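Here is run.cif, consisting of mmCIF, C-alpha atoms and all ligand atoms:
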```
data_query
loop_
_atom_site.label_atom_id
_atom_site.label_comp_id
_atom_site.auth_asym_id
_atom_site.auth_seq_id
_atom_site.Cartn_x
_atom_site.Cartn_y
_atom_site.Cartn_z
CA MET I 1 -1.95 36.45 57.32
CA SER I 2 -1.63 35.83 53.60
CA PHE I 3 -4.62 34.39 51.82
CA THR I 4 -5.68 33.21 48.38
CA LEU I 5 -8.70 34.46 46.47
CA LEU I 6 -10.33 32.18 43.95
CA SER I 7 -13.01 33.01 41.43
CA SER I 8 -15.96 30.72 42.07
CA PRO I 9 -17.34 29.56 38.73
CA LEU I 10 -20.63 30.84 37.35
CA GLN I 11 -21.84 28.96 34.30
CA GLY I 12 -22.76 31.50 31.63
CA PHE I 13 -20.65 34.26 33.20
CA THR I 14 -17.08 33.40 34.18
CA ASP I 15 -15.84 31.96 30.89
CA PHE I 16 -12.39 32.81 29.49
CA ARG I 17 -13.60 36.13 28.10
CA PHE I 18 -14.79 37.36 31.48
CA ARG I 19 -11.78 35.89 33.30
CA ASN I 20 -9.22 37.53 31.01
CA ALA I 21 -10.93 40.92 31.13
CA GLN I 22 -11.36 40.72 34.91
CA GLN I 23 -7.68 40.01 35.34
CA LYS I 24 -6.61 42.69 32.87
CA TYR I 25 -8.64 45.56 34.33
CA PHE I 26 -8.98 44.71 38.02
CA GLY I 27 -6.82 41.77 39.16
CA GLY I 28 -6.89 40.39 42.70
CA ILE I 29 -7.91 36.83 41.82
CA ASP I 30 -5.19 34.22 42.22
CA THR I 31 -6.97 31.26 40.64
CA TYR I 32 -10.07 30.91 38.52
CA TYR I 33 -12.27 27.81 38.58
CA ALA I 34 -13.79 27.26 35.15
CA PRO I 35 -17.55 26.57 35.03
CA TYR I 36 -18.36 22.88 34.99
CA ILE I 37 -18.17 20.45 32.10
CA ARG I 38 -21.28 18.31 31.89
CA LEU I 39 -21.54 15.43 29.46
CA ASN I 40 -24.88 14.56 27.95
CA GLY I 41 -24.78 10.79 28.15
CA LYS I 42 -22.01 10.68 25.51
CA LEU I 43 -18.28 10.81 26.02
CA LYS I 44 -17.99 13.95 23.96
CA ILE I 45 -16.96 17.47 24.99
CA LYS I 46 -18.99 20.41 23.67
CA SER I 47 -16.96 22.93 21.70
CA SER I 48 -17.90 25.78 24.07
CA TYR I 49 -16.32 23.86 26.98
CA GLU I 50 -13.25 23.24 24.87
CA ARG I 51 -12.85 26.89 23.91
CA ASP I 52 -13.10 27.83 27.56
CA LEU I 53 -10.18 25.61 28.52
CA LEU I 54 -7.85 25.92 25.53
CA PRO I 55 -4.43 27.09 26.78
CA GLU I 56 -4.32 29.84 24.14
CA ASN I 57 -7.46 31.36 25.66
CA ASN I 58 -6.02 31.29 29.16
CA THR I 59 -2.42 32.32 28.65
CA THR I 60 -2.01 34.48 31.76
CA LEU I 61 -4.59 32.86 34.00
CA GLU I 62 -4.33 30.08 36.51
CA VAL I 63 -7.40 27.99 35.75
CA ILE I 64 -8.81 24.83 37.33
CA PRO I 65 -11.32 22.91 35.20
CA GLN I 66 -14.43 21.47 36.80
CA VAL I 67 -16.67 18.48 36.10
CA ILE I 68 -20.19 17.65 37.25
CA THR I 69 -20.98 13.95 37.13
CA ASN I 70 -21.93 10.89 39.16
CA ASP I 71 -20.21 8.44 36.88
CA ALA I 72 -16.60 7.23 37.13
CA GLU I 73 -16.28 6.69 33.35
CA GLU I 74 -17.30 10.28 32.69
CA PHE I 75 -14.97 11.57 35.38
CA LEU I 76 -12.06 9.61 33.92
CA PHE I 77 -12.88 10.77 30.41
CA VAL I 78 -12.92 14.43 31.44
CA ALA I 79 -9.74 13.97 33.52
CA LYS I 80 -7.88 12.62 30.50
CA TYR I 81 -9.37 15.29 28.30
CA VAL I 82 -8.19 18.21 30.46
CA GLN I 83 -4.79 16.62 31.05
CA GLN I 84 -4.05 16.85 27.32
CA PHE I 85 -4.14 20.66 27.72
CA GLY I 86 -1.71 20.48 30.64
CA TYR I 87 -4.19 20.81 33.51
CA LYS I 88 -3.01 18.99 36.64
CA GLU I 89 -6.17 19.34 38.72
CA LEU I 90 -9.85 18.61 38.16
CA ASN I 91 -12.46 20.01 40.49
CA TRP I 92 -15.57 17.94 41.18
CA ASN I 93 -18.86 19.82 41.57
CA LEU I 94 -21.05 18.51 44.38
CA GLY I 95 -22.71 21.85 44.88
CA CYS I 96 -25.17 22.54 42.08
CA PRO I 97 -28.65 22.89 43.67
CA TYR I 98 -30.96 22.75 40.65
CA PRO I 99 -33.53 19.92 40.52
CA MET I 100 -32.55 18.98 36.95
CA VAL I 101 -29.15 18.07 38.37
CA THR I 102 -29.94 16.96 41.92
CA ASN I 103 -32.85 14.69 40.86
CA ARG I 104 -30.29 12.71 38.88
CA GLY I 105 -28.05 12.34 41.91
CA MET I 106 -25.52 14.92 40.79
CA GLY I 107 -24.28 18.20 42.27
CA SER I 108 -25.55 18.67 45.82
CA GLY I 109 -27.86 15.67 45.22
CA LEU I 110 -24.82 13.39 45.49
CA ILE I 111 -23.55 14.57 48.90
CA CYS I 112 -25.92 12.18 50.71
CA ASP I 113 -24.43 9.16 48.91
CA PRO I 114 -20.97 8.58 50.44
CA ASN I 115 -20.74 5.09 48.90
CA LYS I 116 -21.11 6.37 45.39
CA ILE I 117 -18.62 9.16 46.07
CA ASP I 118 -16.23 6.55 47.49
CA ASN I 119 -16.55 4.30 44.42
CA ILE I 120 -15.93 7.15 42.01
CA LEU I 121 -12.95 8.52 43.94
CA HIS I 122 -11.55 5.00 44.25
CA ARG I 123 -11.58 4.45 40.52
CA VAL I 124 -10.33 7.93 39.75
CA HIS I 125 -7.36 7.54 42.10
CA ASN I 126 -6.54 4.13 40.70
CA GLU I 127 -6.88 4.94 37.04
CA THR I 128 -5.51 8.47 36.65
CA ASP I 129 -2.90 10.65 38.30
CA ILE I 130 -4.97 13.84 38.11
CA LEU I 131 -5.18 15.83 41.32
CA VAL I 132 -8.78 15.98 42.52
CA SER I 133 -10.39 18.79 44.47
CA MET I 134 -14.00 19.19 45.55
CA LYS I 135 -16.48 22.00 45.53
CA MET I 136 -19.58 21.24 47.51
CA ARG I 137 -22.44 22.47 49.58
CA MET I 138 -23.03 21.03 53.06
CA GLY I 139 -25.83 18.76 51.90
CA TYR I 140 -29.00 18.83 49.86
CA ALA I 141 -31.71 18.39 52.52
CA ASN I 142 -29.68 19.30 55.62
CA SER I 143 -26.20 20.34 56.64
CA GLU I 144 -25.45 17.05 58.43
CA GLU I 145 -25.08 15.20 55.12
CA ILE I 146 -21.55 16.45 54.59
CA LEU I 147 -20.48 15.14 58.00
CA HIS I 148 -21.07 11.57 56.75
CA THR I 149 -19.18 12.25 53.54
CA LEU I 150 -16.09 13.94 54.99
CA PRO I 151 -14.63 10.68 56.47
CA ILE I 152 -14.85 9.09 52.98
CA LEU I 153 -13.05 12.06 51.48
CA ASP I 154 -10.29 11.61 54.08
CA LYS I 155 -9.34 8.33 52.37
CA TYR I 156 -8.11 10.16 49.28
CA PRO I 157 -5.29 12.65 48.67
CA LEU I 158 -7.61 15.46 47.62
CA LYS I 159 -6.07 18.87 47.09
CA SER I 160 -8.84 20.80 48.82
CA ILE I 161 -12.55 20.97 49.59
CA ALA I 162 -14.28 24.26 48.84
CA ILE I 163 -17.53 24.53 50.75
CA HIS I 164 -20.39 26.83 49.86
CA ALA I 165 -21.94 27.24 53.29
CA ARG I 166 -25.51 26.54 52.22
CA ILE I 167 -27.55 23.42 51.49
CA GLY I 168 -28.93 22.55 48.07
CA LYS I 169 -32.59 22.96 48.84
CA GLN I 170 -31.99 26.58 49.85
CA LEU I 171 -30.90 27.33 46.30
CA TYR I 172 -29.55 30.84 46.86
CA LYS I 173 -32.12 31.85 49.44
CA GLY I 174 -31.55 32.55 53.10
CA GLY I 175 -28.14 33.16 54.56
CA VAL I 176 -24.98 31.11 54.76
CA ASP I 177 -24.84 28.81 57.80
CA LEU I 178 -21.55 29.63 59.50
CA ASP I 179 -22.16 27.34 62.48
CA ALA I 180 -22.57 24.42 60.09
CA PHE I 181 -19.38 25.48 58.27
CA GLN I 182 -17.59 25.43 61.64
CA ARG I 183 -18.83 21.85 62.13
CA CYS I 184 -17.23 20.96 58.78
CA ILE I 185 -13.93 22.45 60.00
CA ASP I 186 -14.23 20.37 63.17
CA HIS I 187 -14.77 17.16 61.17
CA ALA I 188 -12.50 17.63 58.14
CA GLN I 189 -8.90 16.59 57.76
CA HIS I 190 -8.50 18.09 54.30
CA THR I 191 -7.81 21.76 53.63
CA LEU I 192 -11.12 23.61 53.47
CA TYR I 193 -11.83 26.68 51.36
CA TYR I 194 -14.69 29.02 52.30
CA ASN I 195 -17.37 30.06 49.81
CA GLY I 196 -20.58 32.06 50.15
CA ASP I 197 -21.79 35.67 50.11
CA ILE I 198 -18.46 37.49 50.09
CA THR I 199 -19.68 40.72 48.54
CA SER I 200 -17.63 43.38 50.34
CA LEU I 201 -14.35 43.94 52.19
CA ASP I 202 -16.34 44.04 55.42
CA GLN I 203 -18.01 40.73 54.73
CA PHE I 204 -14.65 39.20 53.87
CA LYS I 205 -13.16 40.45 57.14
CA THR I 206 -16.06 39.06 59.16
CA ILE I 207 -15.56 35.62 57.62
CA GLN I 208 -11.78 35.79 58.00
CA LYS I 209 -12.11 36.75 61.66
CA ARG I 210 -14.61 33.99 62.36
CA PHE I 211 -12.47 31.30 60.67
CA PRO I 212 -8.85 32.32 61.31
CA ASN I 213 -7.45 29.03 60.03
CA ILE I 214 -9.10 29.31 56.62
CA ASN I 215 -6.87 30.98 54.07
CA HIS I 216 -8.61 30.28 50.75
CA PHE I 217 -11.78 32.12 49.84
CA LEU I 218 -13.98 31.78 46.76
CA ILE I 219 -15.90 34.75 45.41
CA GLY I 220 -18.73 34.07 42.96
CA ARG I 221 -21.57 36.51 42.44
CA GLY I 222 -19.70 39.25 44.32
CA LEU I 223 -16.99 39.24 41.66
CA ILE I 224 -19.45 39.90 38.86
CA ALA I 225 -21.38 42.48 40.85
CA ASP I 226 -18.12 44.26 41.58
CA PRO I 227 -15.05 43.10 39.66
CA PHE I 228 -12.92 45.53 41.73
CA LEU I 229 -13.70 43.55 44.88
CA PRO I 230 -10.85 40.99 44.97
CA ASN I 231 -8.19 43.65 44.49
CA MET I 232 -9.78 45.82 47.17
CA ILE I 233 -9.77 42.84 49.53
CA LYS I 234 -6.14 42.15 48.70
CA THR I 235 -5.13 45.76 49.31
CA ASN I 236 -7.44 46.13 52.31
CA THR I 237 -9.21 49.23 51.05
CA THR I 238 -12.79 50.39 50.48
CA GLU I 239 -11.60 53.20 48.20
CA TYR I 240 -12.14 52.73 44.49
CA PRO I 241 -9.51 54.01 42.08
CA GLU I 242 -10.18 57.52 40.81
CA ASN I 243 -10.83 56.25 37.32
CA ARG I 244 -13.31 53.64 38.59
CA TRP I 245 -15.96 54.16 35.92
CA THR I 246 -13.51 54.58 33.06
CA LEU I 247 -11.97 51.24 34.00
CA PHE I 248 -15.37 49.65 34.32
CA GLU I 249 -16.38 51.02 30.91
CA ALA I 250 -13.25 49.62 29.27
CA PHE I 251 -13.89 46.25 30.89
CA HIS I 252 -17.54 46.32 29.87
CA ASP I 253 -16.74 47.26 26.27
CA GLU I 254 -14.17 44.51 26.02
CA ILE I 255 -16.49 41.74 27.13
CA TYR I 256 -19.35 43.22 25.08
CA GLU I 257 -17.27 43.16 21.89
CA GLN I 258 -16.10 39.63 22.53
CA TYR I 259 -19.57 38.27 23.24
CA ASP I 260 -20.98 40.20 20.30
CA ALA I 261 -18.43 38.56 18.02
CA ALA I 262 -19.06 35.11 19.49
CA LEU I 263 -22.87 35.21 19.54
CA SER I 264 -24.98 35.66 16.47
CA GLY I 265 -27.86 38.09 16.28
CA PRO I 266 -29.09 40.89 18.53
CA THR I 267 -31.14 38.79 20.97
CA PRO I 268 -28.39 36.51 22.35
CA ILE I 269 -26.01 39.42 23.04
CA LYS I 270 -28.82 41.37 24.69
CA MET I 271 -29.67 38.42 26.93
CA LYS I 272 -26.01 37.83 27.72
CA MET I 273 -25.39 41.42 28.78
CA LEU I 274 -28.70 41.62 30.64
CA GLY I 275 -27.51 38.63 32.68
CA PHE I 276 -24.33 40.52 33.56
CA TRP I 277 -26.26 43.69 34.41
CA GLU I 278 -28.37 41.78 36.89
CA TYR I 279 -25.12 41.63 38.88
CA PHE I 280 -23.33 44.80 37.69
CA SER I 281 -26.34 46.93 38.63
CA ARG I 282 -25.86 46.02 42.31
CA SER I 283 -22.76 48.24 42.42
CA PHE I 284 -24.53 51.28 40.97
CA SER I 285 -26.19 54.01 43.04
CA ASN I 286 -29.65 52.97 41.91
CA PRO I 287 -29.60 49.24 41.09
CA GLN I 288 -33.26 48.92 40.01
CA LYS I 289 -33.20 51.96 37.78
CA THR I 290 -29.90 50.84 36.25
CA TYR I 291 -31.17 47.36 35.48
CA LYS I 292 -34.45 48.72 34.07
CA LYS I 293 -32.57 51.02 31.67
CA ILE I 294 -30.63 48.09 30.28
CA LYS I 295 -33.73 45.92 30.09
CA LYS I 296 -35.57 48.57 28.09
CA ALA I 297 -32.78 48.88 25.51
CA THR I 298 -34.18 46.79 22.70
CA ASN I 299 -31.36 47.02 20.19
CA PRO I 300 -27.57 47.43 20.25
CA ILE I 301 -27.68 51.18 19.59
CA LYS I 302 -30.11 51.75 22.44
CA TYR I 303 -28.07 49.39 24.63
CA LYS I 304 -24.85 51.34 24.09
CA ALA I 305 -26.65 54.62 24.74
CA ALA I 306 -28.14 53.20 27.96
CA VAL I 307 -24.70 52.10 29.19
CA LYS I 308 -23.25 55.57 28.45
CA GLU I 309 -26.12 57.26 30.25
CA ILE I 310 -25.76 54.97 33.28
CA LEU I 311 -22.01 55.56 33.51
CA ASN I 312 -22.38 59.33 33.07
CA THR I 313 -24.70 59.53 36.06
CA GLU I 314 -22.05 57.84 38.24
CA ILE I 315 -19.10 60.06 37.31
C1 LIG T 1 -25.67 31.54 37.65
C2 LIG T 1 -24.77 30.69 38.50
C3 LIG T 1 -23.98 29.72 37.89
C4 LIG T 1 -23.14 28.90 38.67
N1 LIG T 1 -22.34 27.95 38.06
C5 LIG T 1 -21.51 27.19 38.81
C6 LIG T 1 -20.62 26.23 38.23
O1 LIG T 1 -20.55 26.04 37.01
N2 LIG T 1 -19.84 25.50 39.07
C7 LIG T 1 -19.86 25.68 40.43
O2 LIG T 1 -19.12 25.01 41.15
N3 LIG T 1 -20.65 26.59 41.01
C8 LIG T 1 -21.47 27.34 40.24
N4 LIG T 1 -22.25 28.30 40.85
C9 LIG T 1 -22.10 28.53 42.31
C10 LIG T 1 -21.05 29.60 42.60
O3 LIG T 1 -19.77 29.23 42.12
C11 LIG T 1 -20.90 29.85 44.11
O4 LIG T 1 -20.54 28.65 44.73
C12 LIG T 1 -22.17 30.37 44.76
O5 LIG T 1 -22.75 31.39 43.99
C13 LIG T 1 -21.90 30.89 46.18
O6 LIG T 1 -20.85 31.81 46.19
P1 LIG T 1 -21.12 33.42 46.13
O7 LIG T 1 -22.07 33.74 47.26
O8 LIG T 1 -19.77 34.03 46.30
O9 LIG T 1 -21.76 33.69 44.80
C14 LIG T 1 -23.10 29.08 40.08
C15 LIG T 1 -23.89 30.08 40.67
C16 LIG T 1 -24.71 30.87 39.92
C17 LIG T 1 -25.55 31.94 40.59
#
```

How does this structure look as structure tokens?
Ligand SMILES: Cc1cc2nc3c(=O)[nH]c(=O)nc-3n(C[C@H](O)[C@H](O)[C@H](O)COP(=O)(O)O)c2cc1C
Amino acid sequence: MSFTLLSSPLQGFTDFRFRNAQQKYFGGIDTYYAPYIRLNGKLKIKSSYERDLLPENNTTLEVIPQVITNDAEEFLFVAKYVQQFGYKELNWNLGCPYPMVTNRGMGSGLICDPNKIDNILHRVHNETDILVSMKMRMGYANSEEILHTLPILDKYPLKSIAIHARIGKQLYKGGVDLDAFQRCIDHAQHTLYYNGDITSLDQFKTIQKRFPNINHFLIGRGLIADPFLPNMIKTNTTEYPENRWTLFEAFHDEIYEQYDAALSGPTPIKMKMLGFWEYFSRSFSNPQKTYKKIKKATNPIKYKAAVKEILNTEI
């Protein structure tokens, strides 16, 4: 059965630089969700969000912008904003688990408030023609919350509902709850997309087998840990290309150069790349040792030498 792979957004990681390089060197992703736009009380878009969505920075990618909000005015403002760049769809984030967001009734903290969701969707569908899709967890406190929200969502012509099969209060701990995801399938009329812990071809196959009617899958952390993964899933192989590490090095160098040019000073680029290596290192033979080597590299020269050394030990 044919299926679609989507890149699940990671704020701070999957911006246009990462997306373009991922597509160029590895492929396999059909559609990329952009990390969310969050307004800070003002109807004004930060320039970093704008850069991420500009058509000239996404020429070969299919990208869906995302918003996190609990306010119809903000939603409408962002909808209009992204439409000017030609985007037809806006994804609504009801998944973020962090207290700074959920305490304000946003992200997964909004799932338990079907009335508010209803009011916002009502206004959005009356006042704009943007296509709305959702990305959500199954609740904040428990996985029943979504079951009260799904009937509200049925009232609107949403494109899709991507569900990360966890609840907010878990953060990223514990496993995904596949029984609860099945309950969502049993209660939903909209098209559901699966999200959560796809980190290998095997894992993908297990999920696909368990939910044979799902044909859209989001990959988040697994894509950063192993950018080859979507293409390997698409071609149904566990074999890496022969030039695996050369490709990885070219990909790494490309994003490094771009972030280095965009960020000023040695500390921000170090922190940026260290963030990536937290994930990259998982695909190396010795993840802890790999990560430690990068962490210990205190300047760009040492960093580049550490990367070379790490890659040489893999070849
Ligand atoms: C650092 C980080 C940043 C994230 N940023 C976003 C975001 O901007 N929007 C969103 O919908 N999800 C965000 N997520 C959630 C992921 O997209 C994804 O739903 C989650 O990690 C589960 O999928 P996975 O197991 O494939 O990673 C973020 C997750 C992490 C770890």

Identify, on the basis of all atoms listed in the file, every residue whose closest approach to Pro55 of chain I does not exceed 9 Å; exclude the query and any residue fewer than 4 positions from it along the same chain; express the result as a ChimeraX atom specification.
-> /I:51,59,85-86

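The nearest approach to ligand LIG 1 (chain T) among the residues I:Asp154, I:Glu89, I:Asp15, I:Asp129, with all atoms listed in the file taken into account, belongs to I:Asp15.
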
Kindly provide, as a PDB file with C-alpha atoms, in the coordinates of the input, all nucleotide and amino acid residues lying within 6 Å of ligand LIG 1 (chain T), counting only C-alpha atoms and all ligand atoms.
```
ATOM      1  CA  SER I   8     -15.960  30.720  42.070  1.00  0.00           C
ATOM      2  CA  PRO I   9     -17.340  29.560  38.730  1.00  0.00           C
ATOM      3  CA  LEU I  10     -20.630  30.840  37.350  1.00  0.00           C
ATOM      4  CA  GLN I  11     -21.840  28.960  34.300  1.00  0.00           C
ATOM      5  CA  PRO I  35     -17.550  26.570  35.030  1.00  0.00           C
ATOM      6  CA  TYR I  36     -18.360  22.880  34.990  1.00  0.00           C
ATOM      7  CA  ASN I  93     -18.860  19.820  41.570  1.00  0.00           C
ATOM      8  CA  LYS I 135     -16.480  22.000  45.530  1.00  0.00           C
ATOM      9  CA  HIS I 164     -20.390  26.830  49.860  1.00  0.00           C
ATOM     10  CA  ASN I 195     -17.370  30.060  49.810  1.00  0.00           C
ATOM     11  CA  GLY I 196     -20.580  32.060  50.150  1.00  0.00           C
ATOM     12  CA  ASP I 197     -21.790  35.670  50.110  1.00  0.00           C
ATOM     13  CA  ILE I 198     -18.460  37.490  50.090  1.00  0.00           C
ATOM     14  CA  ILE I 219     -15.900  34.750  45.410  1.00  0.00           C
ATOM     15  CA  GLY I 220     -18.730  34.070  42.960  1.00  0.00           C
ATOM     16  CA  ARG I 221     -21.570  36.510  42.440  1.00  0.00           C
ATOM     17  CA  GLY I 222     -19.700  39.250  44.320  1.00  0.00           C
TER      18      GLY I 222
END
```

Show which residues sit within 10 Å of segment 240-242 of chain I, as a ChimeraX atom specification. Count all atoms listed in the file, and ignore same-chain residues fewer than 2 positions away.
-> /I:228-229,231-232,237-238,244-247,315

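Within the 6 Å cut-off around segment 95-110 of chain I, using only C-alpha atoms and omitting residues fewer than 3 positions from it on the same chain, the listed residues are Thr69, Asn70, Asp113, Met136, Arg137, Tyr140, Gly168 and Leu171 of chain I.
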
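With all atoms listed in the file as the atoms that count, the residue of I:Lys308, I:Lys42, I:Arg166, I:Lys155 with the shortest distance to Gln189 of chain I is I:Lys155.
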
Distance criterion (all atoms listed in the file): nearest to Leu90 of chain I out of I:Lys289, I:Lys159, I:Lys116, I:Lys44 |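 Going through I:Lys289, I:Lys159, I:Lys116, I:Lys44 one by one, the smallest distance to Leu90 of chain I is for I:Lys159.
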
Spatial neighbours of segment 17-27 of chain I, max dist 9 Å, only C-alpha atoms, sep filter under 3 positions, as a ChimeraX atom specification | /I:7,13-14,30,32,52,57-61,223,227-231,247-248,250-252,254-255,258-259
